[in-house]
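> Structure file upload_28.txt (compact mmCIF, C-alpha atoms) right here:
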```
# COMPACT_ATOMS: atom_id res chain seq x y z
CA MET V 264 53.94 -28.63 52.98
CA ARG V 265 53.33 -30.90 49.96
CA LEU V 266 50.17 -29.10 48.69
CA LEU V 267 51.90 -25.72 48.72
CA GLY V 268 54.61 -27.20 46.51
CA GLU V 269 52.05 -28.63 44.09
CA LEU V 270 50.34 -25.22 43.88
CA GLU V 271 53.62 -23.50 42.97
CA VAL V 272 54.45 -26.10 40.31
CA LEU V 273 50.91 -25.84 38.87
CA LEU V 274 51.15 -22.04 38.75
CA ALA V 275 54.48 -22.03 36.91
CA GLN V 276 53.43 -24.72 34.38
CA ALA V 277 50.00 -23.19 33.80
CA LEU V 278 51.34 -19.70 33.12
CA GLU V 279 53.73 -21.17 30.56
CA LYS V 280 50.97 -23.12 28.82
CA ILE V 281 48.60 -20.15 28.86
CA HIS V 282 51.13 -18.03 26.98
CA ALA V 283 51.74 -20.90 24.56
CA GLN V 284 48.11 -21.05 23.35
CA ARG V 285 47.61 -19.73 19.80
CA ASP V 286 43.82 -19.37 19.49
CA THR V 287 40.88 -18.61 21.72
CA LEU V 288 39.28 -22.03 21.27
CA ALA V 289 42.38 -23.87 22.55
CA LEU V 290 42.71 -21.37 25.38
CA GLU V 291 39.14 -22.01 26.49
CA GLN V 292 39.72 -25.76 26.44
CA TYR V 293 42.79 -25.34 28.62
CA ARG V 294 40.87 -23.06 31.03
CA VAL V 295 38.34 -25.84 31.61
CA GLU V 296 41.17 -28.35 32.04
CA LEU V 297 42.78 -26.07 34.59
CA LEU V 298 39.93 -24.49 36.56
CA GLY V 299 36.86 -26.60 35.69
CA LYS V 300 34.99 -28.92 38.09
CA LYS V 301 37.40 -31.71 37.19
CA GLY V 302 40.39 -29.38 36.66
CA GLN V 303 43.89 -29.61 38.07
CA LEU V 304 43.44 -26.82 40.64
CA THR V 305 40.14 -28.28 41.80
CA ALA V 306 41.83 -31.66 42.38
CA ILE V 307 44.40 -30.02 44.65
CA LEU V 308 41.73 -28.19 46.62
CA ARG V 309 39.86 -31.43 47.25
CA SER V 310 42.97 -32.81 48.97
CA MET V 311 42.81 -30.10 51.64
CA GLY V 312 40.46 -32.26 53.75
CA ALA V 313 43.44 -34.28 54.95
CA LEU V 314 45.28 -31.20 56.24
CA SER V 315 45.48 -30.25 59.90
CA PRO V 316 43.47 -27.26 61.16
CA ASP V 317 46.66 -25.17 61.27
CA GLU V 318 47.73 -26.01 57.68
CA ARG V 319 44.35 -25.59 56.04
CA PRO V 320 44.13 -21.73 56.20
CA VAL V 321 47.65 -21.33 54.80
CA VAL V 322 47.05 -23.67 51.85
CA GLY V 323 43.58 -22.21 51.22
CA GLN V 324 44.90 -18.66 51.04
CA ARG V 325 47.66 -19.65 48.61
CA ALA V 326 45.18 -21.62 46.48
CA ASN V 327 42.98 -18.51 46.12
CA GLU V 328 46.03 -16.46 45.11
CA VAL V 329 46.95 -19.06 42.48
CA ARG V 330 43.39 -19.12 41.16
CA ASP V 331 43.34 -15.30 40.86
CA ALA V 332 46.67 -15.28 39.08
CA LEU V 333 45.60 -17.94 36.60
CA THR V 334 42.25 -16.22 35.98
CA ALA V 335 44.02 -12.92 35.27
CA ALA V 336 46.50 -14.58 32.94
CA LEU V 337 43.73 -16.36 31.06
CA GLY V 338 41.81 -13.10 30.65
CA GLU V 339 44.83 -11.19 29.32
CA ARG V 340 45.71 -13.98 26.87
CA SER V 341 42.12 -14.28 25.68
CA LEU V 342 41.94 -10.54 24.98
CA LEU V 343 45.20 -10.61 23.05
CA LEU V 344 44.27 -13.67 21.00
CA GLY V 345 40.84 -12.18 20.23
CA GLU V 346 42.41 -9.01 18.85
CA GLU V 347 44.85 -11.04 16.73
CA GLU V 348 42.05 -13.19 15.30
CA LEU V 349 39.95 -10.10 14.51
CA SER V 350 42.88 -8.52 12.70
CA ARG V 351 43.47 -11.65 10.62
CA ARG V 352 39.75 -11.90 9.76
CA LEU V 353 39.57 -8.25 8.73
CA LEU V 354 42.63 -8.73 6.58
CA LEU V 355 41.07 -11.73 4.82
CA GLU V 356 37.59 -10.18 4.64
CA SER V 357 38.64 -6.63 3.90
CA ILE V 358 35.94 -4.31 2.52
CA ASP V 359 36.60 -2.69 -0.82
CA VAL V 360 35.05 0.75 -0.37
CA THR V 361 35.28 1.39 -4.13
CA MET V 362 32.75 -1.37 -4.90
CA PRO V 363 29.06 -0.40 -5.25
CA GLY V 364 26.81 -1.18 -2.31
CA LYS V 365 23.85 -3.53 -2.31
CA VAL V 366 20.98 -2.33 -4.46
CA ARG V 367 17.82 -1.77 -2.44
CA TYR V 368 14.82 -1.55 -4.74
CA LEU V 369 12.21 1.00 -3.82
CA GLY V 370 8.60 -0.12 -4.01
CA HIS V 371 6.11 1.50 -6.36
CA LYS V 372 2.45 1.34 -7.21
CA HIS V 373 1.04 -1.80 -8.77
CA PRO V 374 0.28 -1.30 -12.48
CA LEU V 375 -3.45 -1.89 -11.91
CA ASN V 376 -3.54 0.76 -9.20
CA ARG V 377 -1.77 3.14 -11.54
CA ILE V 378 -4.38 2.51 -14.24
CA ILE V 379 -7.23 3.05 -11.75
CA GLU V 380 -5.72 6.36 -10.68
CA GLU V 381 -5.21 7.40 -14.30
CA ILE V 382 -8.81 6.54 -15.24
CA THR V 383 -10.12 8.32 -12.14
CA ASN V 384 -8.11 11.48 -12.82
CA ILE V 385 -9.39 11.65 -16.40
CA PHE V 386 -13.03 11.57 -15.30
CA LEU V 387 -12.46 13.89 -12.35
CA ARG V 388 -11.33 16.49 -14.88
CA LEU V 389 -14.70 16.05 -16.62
CA GLY V 390 -16.56 16.83 -13.40
CA PHE V 391 -17.29 13.27 -12.27
CA SER V 392 -17.09 12.28 -8.61
CA VAL V 393 -16.04 8.91 -7.17
CA ALA V 394 -18.69 6.69 -5.53
CA ASP V 395 -18.13 3.49 -3.56
CA GLY V 396 -20.30 0.62 -2.39
CA PRO V 397 -20.22 -2.84 -0.76
CA GLU V 398 -18.60 -5.80 -2.51
CA VAL V 399 -21.17 -8.16 -0.93
CA GLU V 400 -24.47 -7.11 -2.47
CA THR V 401 -28.10 -8.15 -2.39
CA GLU V 402 -29.55 -9.80 -5.48
CA TYR V 403 -31.87 -6.82 -5.78
CA TYR V 404 -29.12 -4.25 -6.28
CA ASN V 405 -26.88 -6.57 -8.29
CA PHE V 406 -29.61 -7.77 -10.66
CA GLU V 407 -33.22 -6.75 -10.23
CA ALA V 408 -32.68 -2.99 -9.89
CA LEU V 409 -30.63 -3.22 -13.10
CA ASN V 410 -33.47 -4.73 -15.13
CA VAL V 411 -32.22 -8.31 -14.66
CA PRO V 412 -35.11 -10.29 -13.06
CA LYS V 413 -34.65 -13.73 -11.52
CA ASP V 414 -35.37 -15.65 -14.75
CA HIS V 415 -33.19 -13.43 -16.95
CA PRO V 416 -30.48 -15.32 -18.96
CA ALA V 417 -27.90 -12.61 -18.14
CA ARG V 418 -27.63 -14.11 -14.66
CA ASP V 419 -26.31 -17.34 -16.16
CA MET V 420 -23.79 -15.38 -18.24
CA GLN V 421 -22.28 -13.82 -15.13
CA ASP V 422 -21.82 -17.12 -13.22
CA SER V 423 -22.05 -15.37 -9.88
CA PHE V 424 -20.70 -16.31 -6.45
CA TYR V 425 -23.87 -16.67 -4.37
CA LEU V 426 -23.83 -16.45 -0.58
CA THR V 427 -26.68 -17.01 1.87
CA ASN V 428 -29.85 -14.98 2.50
CA GLY V 429 -30.02 -13.48 -0.98
CA LEU V 430 -26.50 -12.10 -0.96
CA VAL V 431 -23.98 -12.31 -3.79
CA LEU V 432 -20.45 -11.12 -4.48
CA ARG V 433 -21.13 -8.26 -6.85
CA THR V 434 -20.53 -9.10 -10.50
CA GLN V 435 -20.16 -5.44 -11.52
CA THR V 436 -19.98 -2.05 -9.84
CA SER V 437 -23.38 -1.12 -11.31
CA PRO V 438 -25.08 -1.53 -7.88
CA VAL V 439 -23.13 1.57 -6.81
CA GLN V 440 -24.89 3.45 -9.62
CA VAL V 441 -28.29 2.29 -8.38
CA ARG V 442 -27.52 3.31 -4.80
CA SER V 443 -26.32 6.71 -5.99
CA MET V 444 -29.48 7.26 -8.05
CA GLU V 445 -31.70 6.33 -5.11
CA LYS V 446 -29.99 8.95 -2.95
CA MET V 447 -30.45 11.68 -5.58
CA SER V 448 -33.92 10.94 -7.01
CA PRO V 449 -36.52 12.11 -7.98
CA TYR V 450 -34.31 14.66 -9.74
CA CYS V 451 -30.72 15.59 -9.17
CA PRO V 452 -27.95 15.47 -11.78
CA VAL V 453 -25.71 12.42 -11.34
CA ARG V 454 -22.16 12.26 -12.65
CA ILE V 455 -20.15 9.49 -10.97
CA ILE V 456 -17.60 6.78 -11.57
CA SER V 457 -17.44 3.70 -9.37
CA PRO V 458 -14.10 1.82 -9.34
CA GLY V 459 -13.78 -1.41 -7.36
CA LYS V 460 -13.40 -5.18 -7.26
CA VAL V 461 -15.99 -7.48 -8.82
CA TYR V 462 -16.32 -11.27 -8.90
CA ARG V 463 -17.25 -13.76 -11.62
CA ARG V 464 -16.49 -17.43 -12.20
CA ASP V 465 -13.89 -16.89 -14.93
CA ASP V 466 -10.24 -17.93 -15.00
CA ASP V 467 -8.11 -17.90 -18.14
CA ALA V 468 -5.55 -15.71 -19.91
CA THR V 469 -8.03 -12.84 -20.29
CA HIS V 470 -10.38 -13.41 -17.32
CA SER V 471 -9.99 -13.70 -13.56
CA PRO V 472 -12.46 -14.69 -10.77
CA MET V 473 -11.71 -11.31 -9.18
CA PHE V 474 -10.98 -8.26 -11.26
CA GLN V 475 -11.15 -4.48 -11.10
CA GLN V 476 -13.85 -2.51 -12.85
CA VAL V 477 -14.64 1.17 -13.36
CA GLU V 478 -18.19 2.12 -14.28
CA GLY V 479 -19.56 5.56 -15.02
CA LEU V 480 -23.03 7.08 -14.87
CA VAL V 481 -24.50 10.40 -15.96
CA ILE V 482 -28.16 11.33 -15.33
CA ASP V 483 -29.56 14.72 -16.30
CA ARG V 484 -32.10 16.35 -18.57
CA GLY V 485 -31.39 16.03 -22.28
CA ILE V 486 -28.57 13.45 -22.12
CA ASN V 487 -28.16 11.60 -25.42
CA LEU V 488 -25.83 9.25 -27.26
CA GLY V 489 -23.72 12.14 -28.49
CA HIS V 490 -22.76 13.02 -24.91
CA LEU V 491 -21.73 9.41 -24.32
CA LYS V 492 -19.57 9.25 -27.46
CA ALA V 493 -17.87 12.59 -26.74
CA THR V 494 -17.07 11.52 -23.18
CA LEU V 495 -15.60 8.17 -24.22
CA LEU V 496 -13.62 9.74 -27.09
CA PHE V 497 -12.03 12.14 -24.62
CA PHE V 498 -11.23 9.23 -22.30
CA ALA V 499 -9.70 7.11 -25.10
CA ARG V 500 -7.44 9.92 -26.27
CA GLU V 501 -6.30 10.78 -22.76
CA MET V 502 -5.60 7.13 -21.94
CA PHE V 503 -4.14 5.81 -25.20
CA GLY V 504 -3.04 8.84 -27.22
CA ALA V 505 -4.38 11.95 -28.93
CA ASP V 506 -4.51 10.23 -32.34
CA ARG V 507 -7.01 7.54 -31.28
CA GLU V 508 -10.57 7.23 -32.55
CA ILE V 509 -13.50 5.22 -31.19
CA ARG V 510 -16.48 3.45 -32.70
CA LEU V 511 -19.71 2.19 -31.17
CA ARG V 512 -21.05 -1.19 -32.31
CA PRO V 513 -24.64 -2.21 -31.47
CA SER V 514 -24.81 -4.67 -28.59
CA TYR V 515 -27.12 -5.71 -25.75
CA PHE V 516 -27.05 -5.07 -22.01
CA PRO V 517 -30.18 -5.44 -19.85
CA PHE V 518 -29.64 -2.11 -18.10
CA THR V 519 -29.02 0.10 -21.17
CA GLU V 520 -31.03 0.80 -24.33
CA PRO V 521 -29.57 1.32 -26.87
CA SER V 522 -26.38 -0.52 -25.92
CA ALA V 523 -22.99 -0.55 -27.59
CA GLU V 524 -19.59 -2.16 -27.49
CA VAL V 525 -16.94 0.55 -27.70
CA ASP V 526 -13.75 0.00 -29.71
CA VAL V 527 -10.62 2.13 -29.90
CA SER V 528 -8.44 2.36 -32.98
CA CYS V 529 -5.36 0.14 -32.79
CA GLY V 530 -2.22 1.97 -31.74
CA SER V 531 0.11 -0.60 -33.26
CA CYS V 532 -1.08 -0.31 -36.86
CA LYS V 533 -2.91 3.02 -36.65
CA GLY V 534 -6.09 1.30 -37.81
CA SER V 535 -4.68 -0.46 -40.89
CA GLY V 536 -4.88 -3.96 -39.37
CA CYS V 537 -2.34 -6.15 -37.57
CA GLN V 538 -2.09 -9.17 -35.25
CA VAL V 539 -2.78 -7.04 -32.17
CA CYS V 540 -6.20 -5.97 -33.45
CA LYS V 541 -6.78 -9.21 -35.37
CA HIS V 542 -6.48 -7.29 -38.63
CA THR V 543 -9.61 -5.22 -37.95
CA GLY V 544 -7.96 -1.95 -36.99
CA TRP V 545 -10.06 -1.78 -33.80
CA ILE V 546 -9.76 -3.12 -30.24
CA GLU V 547 -12.73 -3.50 -27.87
CA ILE V 548 -12.27 -1.61 -24.59
CA LEU V 549 -15.65 -1.29 -22.85
CA GLY V 550 -19.43 -1.52 -22.97
CA ALA V 551 -21.83 1.42 -22.77
CA GLY V 552 -25.29 2.70 -23.58
CA LEU V 553 -28.15 4.95 -22.54
CA VAL V 554 -29.67 4.05 -19.19
CA HIS V 555 -32.72 1.82 -19.65
CA PRO V 556 -36.03 3.49 -18.67
CA ASN V 557 -36.81 0.58 -16.32
CA VAL V 558 -33.60 1.27 -14.39
CA LEU V 559 -34.50 4.94 -14.10
CA ARG V 560 -38.01 4.11 -12.83
CA GLN V 561 -36.70 1.51 -10.37
CA SER V 562 -34.45 4.16 -8.80
CA GLY V 563 -37.12 6.82 -8.58
CA TYR V 564 -36.50 8.81 -11.77
CA ASP V 565 -39.04 9.67 -14.45
CA PRO V 566 -37.64 8.62 -17.87
CA GLU V 567 -39.90 11.23 -19.45
CA GLU V 568 -38.05 13.94 -17.55
CA VAL V 569 -34.43 12.76 -17.47
CA SER V 570 -32.13 10.45 -19.37
CA GLY V 571 -28.58 9.26 -18.93
CA PHE V 572 -25.73 7.12 -20.11
CA ALA V 573 -23.59 4.48 -18.44
CA PHE V 574 -20.37 2.69 -19.29
CA GLY V 575 -18.19 0.03 -17.73
CA MET V 576 -14.62 -1.09 -18.34
CA GLY V 577 -12.33 -3.73 -16.91
CA VAL V 578 -9.18 -2.19 -15.46
CA GLU V 579 -7.12 -5.25 -16.38
CA ARG V 580 -8.36 -4.97 -19.97
CA ILE V 581 -7.24 -1.34 -20.16
CA ALA V 582 -3.88 -2.21 -18.54
CA MET V 583 -3.30 -5.10 -20.96
CA LEU V 584 -3.92 -2.81 -23.94
CA LYS V 585 -1.90 0.11 -22.59
CA TYR V 586 1.08 -1.99 -21.49
CA ARG V 587 0.66 -4.68 -24.19
CA VAL V 588 0.44 -7.57 -21.71
CA GLU V 589 -0.75 -10.84 -23.24
CA ASP V 590 -1.85 -12.72 -20.08
CA LEU V 591 -4.00 -11.04 -17.42
CA ARG V 592 -2.71 -13.42 -14.75
CA HIS V 593 0.68 -11.68 -14.75
CA PHE V 594 -0.92 -8.88 -12.73
CA PHE V 595 -1.78 -11.23 -9.84
CA VAL V 596 1.11 -13.70 -9.42
CA GLY V 597 3.46 -11.21 -7.72
CA ASP V 598 6.44 -11.89 -10.00
CA MET V 599 8.83 -8.99 -9.34
CA ARG V 600 10.48 -9.44 -12.75
CA PHE V 601 7.15 -8.48 -14.29
CA LEU V 602 6.12 -5.78 -11.82
CA ARG V 603 9.46 -3.93 -11.97
CA GLN V 604 8.80 -3.07 -15.60
CA PHE V 605 6.22 -0.56 -14.44
```
Transcribe the structure of this file into C-alpha cells.


Amino acid sequence: MRLLGELEVLLAQALEKIHAQRDTLALEQYRVELLGKKGQLTAILRSMGALSPDERPVVGQRANEVRDALTAALGERSLLLGEEELSRRLLLESIDVTMPGKVRYLGHKHPLNRIIEEITNIFLRLGFSVADGPEVETEYYNFEALNVPKDHPARDMQDSFYLTNGLVLRTQTSPVQVRSMEKMSPYCPVRIISPGKVYRRDDDATHSPMFQQVEGLVIDRGINLGHLKATLLFFAREMFGADREIRLRPSYFPFTEPSAEVDVSCGSCKGSGCQVCKHTGWIEILGAGLVHPNVLRQSGYDPEEVSGFAFGMGVERIAMLKYRVEDLRHFFVGDMRFLRQF
C-alpha cells in the first residue's frame, strides 16, 4: 500500500536527520516539523480517510510504531545533545575554586543605638533605672508640669508639632520625669534616665525634626549642685576619656533653677584651643540644673523636704562628638559607606 511505503521512507529519513542535529534548539524545531499538528507524520495520518476498512487498521498500527520510534529517537538525541551543551558551558564557565567567594557583610547596630546603649550602661552603673513614656504627649506633661505655662516664650523656641485635642509630639523626654515623680510622690527617691525619640521643627546640619534624647533625674533629700557635677564628670570621662574635664556655665531652663550648660574639654587639643572647639578648649554637650521648686510641687513633692537635679543630652550630639561627624544627617540617610565605619 502507498501509505505504508511513505511511512517507511519518512522513518528512514527522519532518523537520519535526527542524528544529524547538533543542538537542542534545532532538534526541537525538527520535532515540531515532524510530529506537530502540521507535521509530516500528521499529514500522512490525515490521508487514512481514503483507505478501505481492511487497510486502515494495518496502516494505523504501523503509523503508531513509526511515531513511537521517532519519539524515542528524539528523546535519546535530546538527552545526548543536552549533556554535550552542559559540558561545553561548564568548560567555558568553569569555577576557579582558588578565588575568594562573595563577601557577605554582617549587619551591626546603628551608631546611634550604640551610643544610647553606652549612655544607658554608664548610668545603670551609677544606680539609675530606665523609664519610658509616650511619644504623643498632652500639653500638660510636655509644658505646664515643667513650669512652662501657655504664654511662656519657651514654647515658641521649641516649635512643636501640635496634634488635636491638646496633644503634641513630645519635644523632650522630660514628661517621662514628671510621670515618674507623680508615681513616687510625696516622697520616694527617684533616680532615672529616660532615652527616646523627641520632635522639633528643626532641620539642618546639626538639627533634625526627629532626634534621640536621654534625660536624667535624681530626687532625694539633700541633693545639691555638687552631686550633679560629680555625676556628669563621671559620665564625661566614661564616654569620652579619663582625661576629660567638665565646666558648668550659667544658663536658663524653665524647669531647673539654677540652670547650666555643660561643656567637656576638647579631646582634639586637650583644652588648648583648636578648630573643633572653636579655639575655646571646650565643647558643649548637654544642659542641666537643679529641679525647679514649681516642678517639684506640681508633681506632689515638697521642695522644703527634697531637692533634685536633672540633665538632658541629644544622642546625635554625643555621637557627633565621639565619632567626629560633621553633619547630623549622615545618621539618617542610610548610606552604607558611612554606617560601615562603625

> Near Leu270 in chain V, within 9 Å and counting only C-alpha atoms, which residues show up once chain neighbours fewer than 5 positions away are dropped, as a list in words?

Arg265, Ala275, Leu304, Ile307, Val322, Arg325, Ala326 and Val329 of chain V

> Restricting the calculation to all atoms listed in the file, which member of V:Arg507, V:His555, V:Lys541, V:Lys372 is positioned closest to Arg603 in chain V?

V:Lys372

> So which residues touch Glu567 in chain V within 10 Å, counting only C-alpha atoms, skipping near sequence neighbours fewer than 5 positions away, as a short mmCIF file (atom, residue, chain, number, x, y, z; two decimals) with C-alpha atoms, in the frame of the given file?


```
data_model
loop_
_atom_site.label_atom_id
_atom_site.label_comp_id
_atom_site.auth_asym_id
_atom_site.auth_seq_id
_atom_site.Cartn_x
_atom_site.Cartn_y
_atom_site.Cartn_z
CA ARG V 484 -32.10 16.35 -18.57
CA PRO V 556 -36.03 3.49 -18.67
CA LEU V 559 -34.50 4.94 -14.10
CA ARG V 560 -38.01 4.11 -12.83
#
```

> Measuring between all atoms listed in the file, which one of V:Gly489, V:His373, V:Pro397, V:Leu511 shows the shortest distance to Asp598 in chain V?

V:His373

> State, in Å with one decimal place, the distance from CA of Thr434 in chain V to CA of Pro458 in chain V.

12.7 Å

> Can you work out the spacing between CA of Leu430 in chain V and CA of Asp414 in chain V in Å, to one decimal?

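Separating CA of Leu430 in chain V from CA of Asp414 in chain V is a distance of 16.8 Å.
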
> Mind listing whatever residues come within 12 Å of the point (6.5, -3.4, -5.1)? Use all atoms listed in the file, file coordinates, and give them as a ChimeraX atom specification.

/V:367-374,376,594,597-605
